[in-house]
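Student: Dropping in start_14.txt, which is compact mmCIF, C-alpha atoms:
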# COMPACT_ATOMS: atom_id res chain seq x y z
CA MET A 1 0.00 0.00 0.00
CA THR A 2 1.42 3.38 -1.03
CA ALA A 3 1.63 6.46 1.18
CA ASN A 4 -1.15 8.06 -0.87
CA ASP A 5 -3.37 5.02 -0.34
CA THR A 6 -2.72 5.11 3.40
CA GLU A 7 -3.48 8.82 3.56
CA LEU A 8 -6.69 8.32 1.57
CA MET A 9 -7.80 5.47 3.85
CA GLU A 10 -7.10 7.55 6.97
CA SER A 11 -9.04 10.50 5.55
CA THR A 12 -11.94 8.22 4.65
CA ASN A 13 -12.00 6.70 8.14
CA ILE A 14 -12.00 10.15 9.74
CA TYR A 15 -14.88 11.22 7.50
CA VAL A 16 -16.92 8.08 8.20
CA ASP A 17 -16.17 8.36 11.94
CA CYS A 18 -17.55 11.89 11.87
CA ILE A 19 -20.72 10.65 10.18
CA VAL A 20 -21.29 7.71 12.50
CA ASN A 21 -20.53 9.54 15.73
CA ASN A 22 -23.02 12.24 14.87
CA LEU A 23 -25.90 10.19 13.52
CA PRO A 24 -29.09 11.85 14.91
CA VAL A 25 -30.84 8.62 15.85
CA SER A 26 -31.45 7.08 19.24
CA PRO A 27 -28.83 4.77 20.79
CA THR A 28 -31.47 2.04 20.89
CA PHE A 29 -31.99 2.26 17.13
CA MET A 30 -28.24 2.21 16.51
CA ASP A 31 -27.73 -0.84 18.74
CA THR A 32 -30.60 -2.64 17.02
CA LEU A 33 -29.25 -1.74 13.59
CA LYS A 34 -25.78 -3.07 14.42
CA ALA A 35 -27.20 -6.30 15.81
CA GLN A 36 -29.46 -6.85 12.80
CA LEU A 37 -26.64 -6.13 10.35
CA GLU A 38 -24.54 -8.79 12.05
CA ALA A 39 -27.43 -11.27 12.07
CA ASP A 40 -28.34 -10.66 8.42
CA SER A 41 -26.53 -13.23 6.28
CA VAL A 42 -26.22 -10.94 3.26
CA CYS A 43 -25.33 -7.69 5.03
CA SER A 44 -22.80 -9.40 7.28
CA ARG A 45 -21.16 -10.94 4.20
CA VAL A 46 -21.05 -7.53 2.49
CA MET A 47 -19.40 -6.05 5.57
CA LYS A 48 -16.79 -8.81 5.49
CA MET A 49 -16.11 -8.08 1.81
CA CYS A 50 -15.69 -4.39 2.59
CA ALA A 51 -13.10 -5.25 5.23
CA ASP A 52 -11.23 -8.10 3.49
CA GLY A 53 -11.69 -7.18 -0.17
CA TRP A 54 -14.16 -8.15 -2.88
CA PRO A 55 -13.71 -11.20 -5.15
CA ASP A 56 -12.68 -10.72 -8.76
CA HIS A 57 -16.02 -11.82 -10.19
CA ALA A 58 -19.60 -11.33 -9.04
CA GLN A 59 -20.37 -14.99 -9.79
CA GLN A 60 -18.16 -15.99 -6.87
CA GLU A 61 -20.61 -14.39 -4.42
CA PRO A 62 -24.15 -14.87 -5.83
CA LEU A 63 -25.77 -13.58 -2.62
CA LEU A 64 -24.04 -10.24 -3.14
CA LYS A 65 -25.11 -9.65 -6.75
CA HIS A 66 -27.30 -6.66 -5.81
CA PHE A 67 -24.50 -5.11 -3.76
CA TRP A 68 -21.79 -5.78 -6.34
CA PRO A 69 -22.39 -2.64 -8.46
CA GLU A 70 -22.24 -0.49 -5.31
CA GLN A 71 -19.00 -1.86 -3.82
CA ALA A 72 -17.06 1.34 -4.49
CA THR A 73 -19.52 3.33 -2.37
CA LEU A 74 -19.89 0.85 0.51
CA THR A 75 -17.93 1.26 3.75
CA VAL A 76 -18.01 -0.22 7.24
CA GLN A 77 -17.45 1.76 10.40
CA ASP A 78 -18.18 0.97 14.03
CA GLY A 79 -20.46 -1.91 13.15
CA LEU A 80 -22.48 0.04 10.56
CA LEU A 81 -22.69 -0.46 6.81
CA LEU A 82 -22.86 2.78 4.81
CA LYS A 83 -23.47 3.56 1.15
CA ASP A 84 -21.77 6.92 0.82
CA THR A 85 -23.47 8.73 3.70
CA ARG A 86 -26.66 6.64 3.68
CA LEU A 87 -27.32 3.89 6.20
CA VAL A 88 -27.69 0.42 4.68
CA ILE A 89 -30.71 -1.22 6.34
CA PRO A 90 -30.87 -5.02 6.85
CA ALA A 91 -33.97 -6.98 5.82
CA ALA A 92 -35.44 -7.29 9.32
CA MET A 93 -35.66 -3.50 9.76
CA ARG A 94 -36.78 -2.45 6.30
CA ASN A 95 -40.53 -2.45 6.94
CA ASP A 96 -40.05 -0.13 9.91
CA VAL A 97 -37.91 2.26 7.87
CA LEU A 98 -40.43 2.16 5.00
CA ASP A 99 -43.12 3.26 7.45
CA ARG A 100 -40.91 6.13 8.59
CA LEU A 101 -40.32 7.22 5.00
CA HIS A 102 -44.08 7.22 4.40
CA GLU A 103 -44.93 9.36 7.43
CA GLY A 104 -47.34 12.02 6.27
CA HIS A 105 -48.59 9.66 3.54
CA GLN A 106 -46.83 11.51 0.76
CA GLY A 107 -46.58 10.04 -2.72
CA VAL A 108 -43.99 7.83 -4.38
CA VAL A 109 -41.78 10.66 -5.64
CA LYS A 110 -41.66 12.38 -2.26
CA CYS A 111 -40.90 9.18 -0.34
CA LYS A 112 -38.08 8.31 -2.74
CA ALA A 113 -36.66 11.80 -2.35
CA ARG A 114 -36.52 11.33 1.43
CA ALA A 115 -34.83 7.95 1.03
CA ARG A 116 -32.12 9.33 -1.27
CA GLN A 117 -30.92 11.52 1.58
CA THR A 118 -30.94 8.96 4.36
CA VAL A 119 -31.10 5.18 3.80
CA TRP A 120 -30.46 2.51 1.17
CA TRP A 121 -30.87 -1.17 0.36
CA PRO A 122 -31.24 -3.07 -2.94
CA GLY A 123 -34.69 -2.63 -4.44
CA LEU A 124 -35.63 0.25 -2.13
CA GLY A 125 -37.19 2.31 -4.92
CA HIS A 126 -39.45 -0.53 -6.05
CA GLN A 127 -40.52 -1.27 -2.48
CA ILE A 128 -41.41 2.38 -1.89
CA THR A 129 -43.56 2.39 -5.02
CA GLU A 130 -45.32 -0.81 -4.01
CA MET A 131 -45.89 0.42 -0.44
CA VAL A 132 -47.42 3.75 -1.45
CA LEU A 133 -49.64 2.28 -4.17
CA LYS A 134 -50.99 -0.33 -1.74
CA CYS A 135 -51.38 1.99 1.26
CA ARG A 136 -55.04 1.75 2.34
CA THR A 137 -55.08 5.24 3.80
CA CYS A 138 -53.70 6.69 0.58
CA LEU A 139 -56.12 4.66 -1.54
CA GLN A 140 -59.08 6.10 0.37
CA GLU A 141 -57.96 9.67 -0.24
CA ARG A 142 -56.28 9.32 -3.61
CA ARG A 143 -57.42 11.69 -6.32
CA ASN A 144 -55.95 13.14 -9.46
CA HIS A 145 -54.42 16.50 -8.60
CA SER A 146 -54.20 18.98 -11.45
CA GLU A 147 -51.29 21.28 -11.99
CA PRO A 148 -51.30 24.70 -10.32
CA LEU A 149 -54.51 26.55 -11.15
CA MET A 150 -52.48 29.40 -12.56
CA PRO A 151 -48.72 29.58 -13.15
CA SER A 152 -47.12 31.84 -10.56
CA ASP A 153 -44.09 34.05 -10.86
CA CYS A 154 -40.84 33.15 -9.12
CA PRO A 155 -39.91 35.54 -6.28
CA GLU A 156 -36.32 36.65 -5.87
CA HIS A 157 -35.97 35.38 -2.30
CA PRO A 158 -37.86 33.27 0.27
CA TRP A 159 -40.85 34.71 2.15
CA GLN A 160 -41.03 37.63 -0.30
CA LYS A 161 -44.46 36.70 -1.63
CA LEU A 162 -47.03 34.66 0.28
CA GLY A 163 -50.43 33.20 -0.47
CA ALA A 164 -53.09 32.89 2.24
CA ASP A 165 -56.35 30.98 2.29
CA LEU A 166 -58.90 29.55 4.72
CA PHE A 167 -60.25 26.03 4.49
CA GLU A 168 -62.44 23.67 6.50
CA LEU A 169 -61.64 20.09 7.41
CA GLY A 170 -63.37 17.85 9.92
CA GLY A 171 -65.58 20.67 11.17
CA LYS A 172 -62.57 22.90 11.90
CA THR A 173 -61.34 26.00 10.08
CA TYR A 174 -57.67 26.52 9.28
CA LEU A 175 -55.59 29.44 8.03
CA LEU A 176 -52.94 28.35 5.54
CA VAL A 177 -50.04 30.52 4.43
CA VAL A 178 -47.62 29.35 1.73
CA ASP A 179 -44.36 30.90 0.54
CA TYR A 180 -44.36 31.24 -3.25
CA LEU A 181 -40.67 30.36 -3.62
CA SER A 182 -40.03 27.60 -1.07
CA ARG A 183 -43.63 26.28 -0.85
CA TYR A 184 -43.09 26.19 2.91
CA VAL A 185 -46.49 26.04 4.60
CA GLU A 186 -47.58 27.56 7.90
CA LEU A 187 -50.89 26.33 9.32
CA ALA A 188 -53.05 27.74 12.11
CA LEU A 189 -56.24 26.33 13.63
CA LEU A 190 -58.79 29.12 14.00
CA THR A 191 -61.03 29.14 17.07
CA HIS A 192 -62.82 32.10 15.51
CA THR A 193 -62.93 33.19 11.89
CA LYS A 194 -63.09 36.94 12.30
CA CYS A 195 -60.61 39.30 10.70
CA ASN A 196 -58.75 40.03 13.96
CA ASP A 197 -58.16 36.32 14.56
CA VAL A 198 -56.59 35.92 11.12
CA ILE A 199 -54.49 39.04 11.67
CA ASN A 200 -53.14 37.76 15.00
CA HIS A 201 -52.09 34.45 13.45
CA LEU A 202 -50.40 36.25 10.56
CA LYS A 203 -48.53 38.45 13.04
CA SER A 204 -47.29 35.32 14.80
CA MET A 205 -46.04 33.86 11.50
CA PHE A 206 -44.38 37.14 10.54
CA ALA A 207 -42.64 37.23 13.93
CA ARG A 208 -41.04 33.85 13.09
CA HIS A 209 -40.10 34.37 9.46
CA GLY A 210 -40.28 38.11 8.82
CA ILE A 211 -42.73 40.37 7.01
CA PRO A 212 -43.35 39.58 3.33
CA GLU A 213 -43.44 42.17 0.59
CA VAL A 214 -46.67 40.80 -0.90
CA LEU A 215 -49.55 38.77 0.53
CA MET A 216 -52.07 37.22 -1.87
CA SER A 217 -55.53 36.16 -0.70
CA ASP A 218 -59.10 35.85 -1.87
CA ASN A 219 -61.78 38.44 -1.17
CA GLY A 220 -63.18 36.71 1.91
CA PRO A 221 -64.42 38.87 4.78
CA GLN A 222 -61.35 38.00 6.86
CA PHE A 223 -59.10 39.67 4.28
CA SER A 224 -61.25 42.64 3.31
CA GLY A 225 -62.21 45.72 5.23
CA GLN A 226 -60.49 48.52 7.08
CA ALA A 227 -58.92 46.33 9.78
CA PHE A 228 -56.90 44.25 7.32
CA ASP A 229 -55.94 47.31 5.29
CA SER A 230 -54.65 48.97 8.46
CA PHE A 231 -52.69 45.82 9.34
CA ALA A 232 -51.05 45.73 5.90
CA SER A 233 -50.19 49.42 6.14
CA ALA A 234 -48.75 49.16 9.65
CA TYR A 235 -46.61 46.12 8.79
CA GLY A 236 -45.56 47.48 5.42
CA PHE A 237 -46.64 44.76 2.99
CA LYS A 238 -48.77 44.93 -0.15
CA HIS A 239 -52.05 43.03 0.00
CA LEU A 240 -53.33 41.72 -3.34
CA THR A 241 -56.62 39.89 -3.78
CA SER A 242 -57.81 37.51 -6.47
CA SER A 243 -60.77 38.38 -8.62
CA PRO A 244 -64.08 36.91 -7.35
CA LYS A 245 -64.68 35.66 -10.90
CA PHE A 246 -61.16 34.27 -11.23
CA PRO A 247 -59.98 32.78 -7.90
CA GLN A 248 -57.34 30.76 -9.78
CA SER A 249 -55.11 33.84 -9.61
CA ASN A 250 -54.35 32.77 -6.02
CA GLY A 251 -53.35 29.38 -7.40
CA GLU A 252 -50.32 28.77 -5.17
CA ALA A 253 -52.48 28.91 -2.05
CA GLU A 254 -55.24 26.88 -3.71
CA ARG A 255 -52.78 24.11 -4.58
CA ALA A 256 -51.22 24.18 -1.10
CA VAL A 257 -54.67 23.83 0.47
CA GLN A 258 -55.37 20.69 -1.56
CA THR A 259 -51.97 19.22 -0.66
CA ILE A 260 -52.25 19.93 3.06
CA LYS A 261 -55.87 18.81 3.26
CA GLY A 262 -54.84 15.52 1.70
CA LEU A 263 -52.04 15.07 4.24
CA LEU A 264 -54.23 15.95 7.22
CA LYS A 265 -57.00 13.59 6.12
CA LYS A 266 -54.56 10.67 6.12
CA ALA A 267 -52.51 11.66 9.17
CA THR A 268 -52.83 10.23 12.65
CA ASP A 269 -50.38 12.92 13.81
CA PRO A 270 -50.92 16.18 11.87
CA TYR A 271 -47.70 17.70 13.18
CA MET A 272 -45.66 14.76 11.90
CA ALA A 273 -47.40 15.09 8.53
CA LEU A 274 -46.46 18.77 8.33
CA LEU A 275 -42.88 17.94 9.31
CA ALA A 276 -42.67 15.32 6.57
CA TYR A 277 -43.99 17.79 3.99
CA ARG A 278 -41.56 20.52 5.02
CA ALA A 279 -38.59 18.12 5.03
CA THR A 280 -39.25 16.40 1.69
CA PRO A 281 -37.33 17.65 -1.39
CA LEU A 282 -39.34 19.36 -4.11
CA GLN A 283 -38.79 18.82 -7.82
CA ASN A 284 -35.93 21.35 -7.70
CA GLY A 285 -34.02 19.08 -5.29
CA TYR A 286 -34.48 21.17 -2.15
CA SER A 287 -37.04 20.80 0.63
CA PRO A 288 -39.28 23.72 1.65
CA ALA A 289 -37.29 23.98 4.90
CA GLN A 290 -33.98 24.16 3.01
CA LEU A 291 -35.27 26.90 0.74
CA LEU A 292 -36.73 28.97 3.56
CA MET A 293 -34.25 28.36 6.39
CA GLY A 294 -31.13 27.04 4.68
CA ARG A 295 -31.10 23.71 6.51
CA ARG A 296 -32.69 20.27 6.48
CA LEU A 297 -35.03 19.29 9.30
CA ARG A 298 -34.40 16.28 11.52
CA THR A 299 -37.20 13.72 11.23
CA THR A 300 -37.76 10.15 12.41
CA VAL A 301 -35.92 8.83 9.34
CA PRO A 302 -32.26 8.13 10.33
CA THR A 303 -30.09 10.95 8.96
CA HIS A 304 -26.43 11.74 9.57
CA SER A 305 -25.48 15.11 10.98
CA SER A 306 -23.52 16.26 7.93
CA GLU A 307 -26.86 16.44 6.11
CA LEU A 308 -28.28 18.68 8.86
CA GLN A 309 -25.62 21.37 8.71
CA PRO A 310 -26.85 24.77 7.42
CA ALA A 311 -26.22 25.20 3.70
CA LEU A 312 -27.73 27.73 1.32
CA PRO A 313 -29.10 26.41 -2.00
CA ASP A 314 -27.26 27.23 -5.19
CA ARG A 315 -29.29 30.16 -6.52
CA SER A 316 -28.48 29.78 -10.22
CA THR A 317 -29.40 26.08 -10.23
CA LEU A 318 -32.49 26.71 -8.13
CA PHE A 319 -33.92 29.45 -10.31
CA GLN A 320 -33.15 27.56 -13.52
CA LYS A 321 -35.09 24.54 -12.23
CA GLU A 322 -37.90 26.75 -10.94
CA ARG A 323 -38.29 28.48 -14.31
CA GLU A 324 -38.38 25.11 -16.06
CA LYS A 325 -40.95 23.76 -13.62
CA ARG A 326 -43.25 26.77 -13.80
CA THR A 327 -43.07 26.79 -17.61
CA SER A 328 -43.93 23.08 -17.62
CA ASP A 329 -46.79 23.67 -15.17
CA ALA A 330 -48.19 26.39 -17.41
CA ALA A 331 -48.04 24.16 -20.49
CA ASN A 332 -49.68 21.26 -18.66
CA PHE A 333 -52.39 23.52 -17.27
CA ASN A 334 -53.21 24.95 -20.70
CA ARG A 335 -53.24 21.51 -22.31
CA ARG A 336 -55.47 19.96 -19.63
CA HIS A 337 -57.90 22.86 -19.80
CA ARG A 338 -57.65 23.29 -23.58
CA SER A 339 -56.84 26.97 -23.17
CA LYS A 340 -55.01 29.09 -25.71
CA PRO A 341 -54.11 32.76 -26.08
CA LEU A 342 -56.93 34.98 -27.26
CA SER A 343 -56.60 36.43 -30.73
CA SER A 344 -56.15 40.18 -30.94
CA LEU A 345 -59.32 42.24 -31.17
CA GLN A 346 -59.97 43.57 -34.67
CA VAL A 347 -61.60 47.00 -34.81
CA ARG A 348 -63.94 47.58 -37.76
CA ARG A 349 -65.59 50.75 -38.85
CA CYS A 350 -69.32 50.81 -39.34
CA GLY A 351 -70.82 52.05 -42.56
Show me the file's structure as structure tokens.
Tutor:
Amino acid sequence: MTANDTELMESTNIYVDCIVNNLPVSPTFMDTLKAQLEADSVCSRVMKMCADGWPDHAQQEPLLKHFWPEQATLTVQDGLLLKDTRLVIPAAMRNDVLDRLHEGHQGVVKCKARARQTVWWPGLGHQITEMVLKCRTCLQERRNHSEPLMPSDCPEHPWQKLGADLFELGGKTYLLVVDYLSRYVELALLTHTKCNDVINHLKSMFARHGIPEVLMSDNGPQFSGQAFDSFASAYGFKHLTSSPKFPQSNGEAERAVQTIKGLLKKATDPYMALLAYRATPLQNGYSPAQLLMGRRLRTTVPTHSSELQPALPDRSTLFQKEREKRTSDAANFNRRHRSKPLSSLQVRRCG
């Protein structure tokens, strides 16, 4: 072994040690994981190969055929098997981890996005798909969601433009506020539905995240009148309302309402459902929490601490993906609703 190889191995061990020693999971889970890895005939064999070296041909170890393509990314440290920075889960614990990934009863794409940041085993993607499609709770609430009711512009920074809406679920009324850039959602249960109650909840949200430049809402009584105008003036934000004949202009809030209502209907713990939504990557690769706060949120899914360190998204990549997504949403919306630009009005003279 050369000096460079030794230095590389030492650096790798230091890096993996840092990951393992800072894994934000309970000691009980870690002890169980180590024991199950050792008891699992395949995982224990993979760990031995990582330590002693892999055979020259995959045919020599038929049990390891699904791990063979990943051998360059597999490491062992302190009794744990890692694929890059993701925990490799043995067969006996996979159902439990699948349930954790599906907390909040989000769809296939969202569950896979959570898994890509945290855990791995052969066939994980297929098992996630099968689990979500067969989930009884999801089947009861499943419906075809259309694209955003109206394509929205892309703000320059988080919490610059918000959408607000009220909705009812289970005999209760909620105030929902969504950030147009990050799609981060704040939710408040209303004991009363008067304007002052809505204002007080908005003040609480603004105290946490700051005052937006623009707040979009419908023309409901909670958002109209002198009291709300005075609130907007005192806090220094612009209040825009959708047309009564065209409520789709508040489409970001309308879409968020449908998403959150779907999560709450299926959730046994609404707070855990909200956490799962906020922590799950969007199509642009970042979660709402990352886009708003610059960090990932710790959830019940095992995650190493390096993934929880604050890190700002790459703005150029983010805005490129956002423009592509919003353009695609607009095209899909127009195609589904058979809409097309109006022809220019031709003025004709009489006589």
Student: Of the residues A:Val198, A:Leu169, A:Ala72, A:Val178, which is the one nearest to Trp54 in chain A, using only C-alpha atoms?
Tutor: A:Ala72
Student: For Val109 in chain A, work out the shell of residues within 9 Å, counting all atoms listed in the file and skipping chain neighbours fewer than 5 positions away, then give it as a count of residues only.
Tutor: 3
Student: Rank A:Asp40, A:Glu186, A:Asp56, A:Glu61 by their smallest atom-to-atom distance to Gly163 in chain A, using only C-alpha atoms, and report the top residue only.
Tutor: A:Glu186
Student: For Thr299 in chain A, work out the shell of residues within 12 Å, counting only C-alpha atoms and skipping chain neighbours fewer than 5 positions away, then give it as a PyMOL selection string.
Tutor: chain A and resi 24-26+97+100-104+114-115+117-118+271-280+304-305+307-308
Student: Quick check, in Å to one decimal: how far apart do CA of Ser182 in chain A and CA of Pro288 in chain A lie?
Tutor: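 So the two atoms, CA of Ser182 in chain A and CA of Pro288 in chain A, lie 4.8 Å apart.
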Student: Met49 in chain A: which residues within 12 Å, counting all atoms listed in the file, same-chain residues fewer than 4 positions away excluded, as a list in words?
Tutor: Val42, Cys43, Ser44, Arg45, Gly53, Trp54, Pro55, Asp56, Ala58, Gln60, Glu61, Leu63, Leu64, Phe67, Trp68, Gln71, Ala72, Leu74, Thr75, Val76 and Leu81 of chain A
Student: Figure out the distance between CA of Ala256 in chain A and CA of Val177 in chain A, please, to one decimal in Å.
Tutor: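 CA of Ala256 in chain A lies 8.5 Å from CA of Val177 in chain A.
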Student: Please, what distance in Å, to one decimal, runs between CA of Ile211 in chain A and CA of Asp229 in chain A?
Tutor: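 Answer for the CA of Ile211 in chain A to CA of Asp229 in chain A separation: 15.0 Å.
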Student: Need to verify the contact set: Glu213 in chain A, 10 Å, only C-alpha atoms, exclusion of same-chain residues closer than 4 positions in sequence. Can you return it as an mmCIF file with C-alpha atoms, keeping the file's coordinate frame?
Tutor:
data_model
loop_
_atom_site.group_PDB
_atom_site.id
_atom_site.type_symbol
_atom_site.label_atom_id
_atom_site.label_comp_id
_atom_site.auth_asym_id
_atom_site.auth_seq_id
_atom_site.Cartn_x
_atom_site.Cartn_y
_atom_site.Cartn_z
ATOM 1 C CA TRP A 159 -40.850 34.710 2.150
ATOM 2 C CA GLN A 160 -41.030 37.630 -0.300
ATOM 3 C CA LYS A 161 -44.460 36.700 -1.630
ATOM 4 C CA LEU A 162 -47.030 34.660 0.280
ATOM 5 C CA ALA A 232 -51.050 45.730 5.900
ATOM 6 C CA TYR A 235 -46.610 46.120 8.790
ATOM 7 C CA GLY A 236 -45.560 47.480 5.420
ATOM 8 C CA PHE A 237 -46.640 44.760 2.990
ATOM 9 C CA LYS A 238 -48.770 44.930 -0.150
ATOM 10 C CA HIS A 239 -52.050 43.030 0.000
#
Student: Could you give me, as CSV, a per-residue list for range 216-282 of chain A showing, wherever an atom lies at most 12 Å from an atom of range 187-195 of chain A, the closest pair of atoms and their distance in Å to one decimal, using only C-alpha atoms and sorting by chain then residue number from low to high?
Tutor:
residue,atom,partner,partner_atom,distance
A:Asn219,CA,A:Cys195,CA,12.0
A:Gly220,CA,A:Cys195,CA,9.5
A:Pro221,CA,A:Cys195,CA,7.1
A:Gln222,CA,A:Cys195,CA,4.1
A:Phe223,CA,A:Cys195,CA,6.6
A:Ser224,CA,A:Cys195,CA,8.1
A:Gly225,CA,A:Cys195,CA,8.6
A:Gln226,CA,A:Cys195,CA,9.9
A:Ala227,CA,A:Cys195,CA,7.3
A:Phe228,CA,A:Cys195,CA,7.0
A:Asp229,CA,A:Cys195,CA,10.7
A:Ser230,CA,A:Cys195,CA,11.6
A:Phe231,CA,A:Cys195,CA,10.3
A:Ala253,CA,A:Leu187,CA,11.8
A:Ala256,CA,A:Leu187,CA,10.6
A:Val257,CA,A:Leu187,CA,9.9
A:Ile260,CA,A:Leu187,CA,9.1
A:Lys261,CA,A:Leu187,CA,10.9
A:Leu264,CA,A:Leu187,CA,11.1
A:Pro270,CA,A:Leu187,CA,10.5
A:Tyr271,CA,A:Leu187,CA,10.0
A:Ala273,CA,A:Leu187,CA,11.8
A:Leu274,CA,A:Leu187,CA,8.8
A:Leu275,CA,A:Leu187,CA,11.6
A:Arg278,CA,A:Leu187,CA,11.8
Student: Please write N, CA and C atoms of range 272-286 of chain A, from the structure given just now, as a PDB file, in the first residue's frame.
Tutor:
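Final output, result12.pdb:
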ATOM      1  N   MET A 272     -46.643  15.589  12.596  1.00  0.00           N
ATOM      2  CA  MET A 272     -45.664  14.757  11.900  1.00  0.00           C
ATOM      3  C   MET A 272     -45.870  14.834  10.386  1.00  0.00           C
ATOM      4  N   ALA A 273     -47.116  14.953   9.962  1.00  0.00           N
ATOM      5  CA  ALA A 273     -47.404  15.091   8.533  1.00  0.00           C
ATOM      6  C   ALA A 273     -46.845  16.399   7.992  1.00  0.00           C
ATOM      7  N   LEU A 274     -47.014  17.487   8.745  1.00  0.00           N
ATOM      8  CA  LEU A 274     -46.457  18.775   8.329  1.00  0.00           C
ATOM      9  C   LEU A 274     -44.934  18.725   8.290  1.00  0.00           C
ATOM     10  N   LEU A 275     -44.338  18.067   9.282  1.00  0.00           N
ATOM     11  CA  LEU A 275     -42.883  17.936   9.307  1.00  0.00           C
ATOM     12  C   LEU A 275     -42.391  17.185   8.078  1.00  0.00           C
ATOM     13  N   ALA A 276     -43.066  16.101   7.740  1.00  0.00           N
ATOM     14  CA  ALA A 276     -42.667  15.320   6.570  1.00  0.00           C
ATOM     15  C   ALA A 276     -42.768  16.151   5.300  1.00  0.00           C
ATOM     16  N   TYR A 277     -43.839  16.932   5.171  1.00  0.00           N
ATOM     17  CA  TYR A 277     -43.995  17.785   3.988  1.00  0.00           C
ATOM     18  C   TYR A 277     -42.862  18.804   3.907  1.00  0.00           C
ATOM     19  N   ARG A 278     -42.578  19.466   5.016  1.00  0.00           N
ATOM     20  CA  ARG A 278     -41.562  20.517   5.022  1.00  0.00           C
ATOM     21  C   ARG A 278     -40.153  19.979   4.792  1.00  0.00           C
ATOM     22  N   ALA A 279     -39.935  18.702   5.121  1.00  0.00           N
ATOM     23  CA  ALA A 279     -38.594  18.117   5.027  1.00  0.00           C
ATOM     24  C   ALA A 279     -38.354  17.346   3.738  1.00  0.00           C
ATOM     25  N   THR A 280     -39.373  17.211   2.900  1.00  0.00           N
ATOM     26  CA  THR A 280     -39.253  16.404   1.685  1.00  0.00           C
ATOM     27  C   THR A 280     -38.825  17.268   0.502  1.00  0.00           C
ATOM     28  N   PRO A 281     -37.793  16.853  -0.246  1.00  0.00           N
ATOM     29  CA  PRO A 281     -37.334  17.648  -1.388  1.00  0.00           C
ATOM     30  C   PRO A 281     -38.423  17.847  -2.439  1.00  0.00           C
ATOM     31  N   LEU A 282     -38.449  19.041  -3.003  1.00  0.00           N
ATOM     32  CA  LEU A 282     -39.338  19.358  -4.112  1.00  0.00           C
ATOM     33  C   LEU A 282     -38.684  18.909  -5.415  1.00  0.00           C
ATOM     34  N   GLN A 283     -39.328  19.213  -6.520  1.00  0.00           N
ATOM     35  CA  GLN A 283     -38.789  18.822  -7.823  1.00  0.00           C
ATOM     36  C   GLN A 283     -37.444  19.484  -8.098  1.00  0.00           C
ATOM     37  N   ASN A 284     -37.192  20.648  -7.487  1.00  0.00           N
ATOM     38  CA  ASN A 284     -35.927  21.346  -7.701  1.00  0.00           C
ATOM     39  C   ASN A 284     -34.778  20.765  -6.880  1.00  0.00           C
ATOM     40  N   GLY A 285     -35.064  19.740  -6.058  1.00  0.00           N
ATOM     41  CA  GLY A 285     -34.017  19.078  -5.289  1.00  0.00           C
ATOM     42  C   GLY A 285     -33.866  19.552  -3.862  1.00  0.00           C
ATOM     43  N   TYR A 286     -34.560  20.624  -3.498  1.00  0.00           N
ATOM     44  CA  TYR A 286     -34.479  21.169  -2.147  1.00  0.00           C
ATOM     45  C   TYR A 286     -35.831  21.050  -1.452  1.00  0.00           C
TER      46      TYR A 286
END
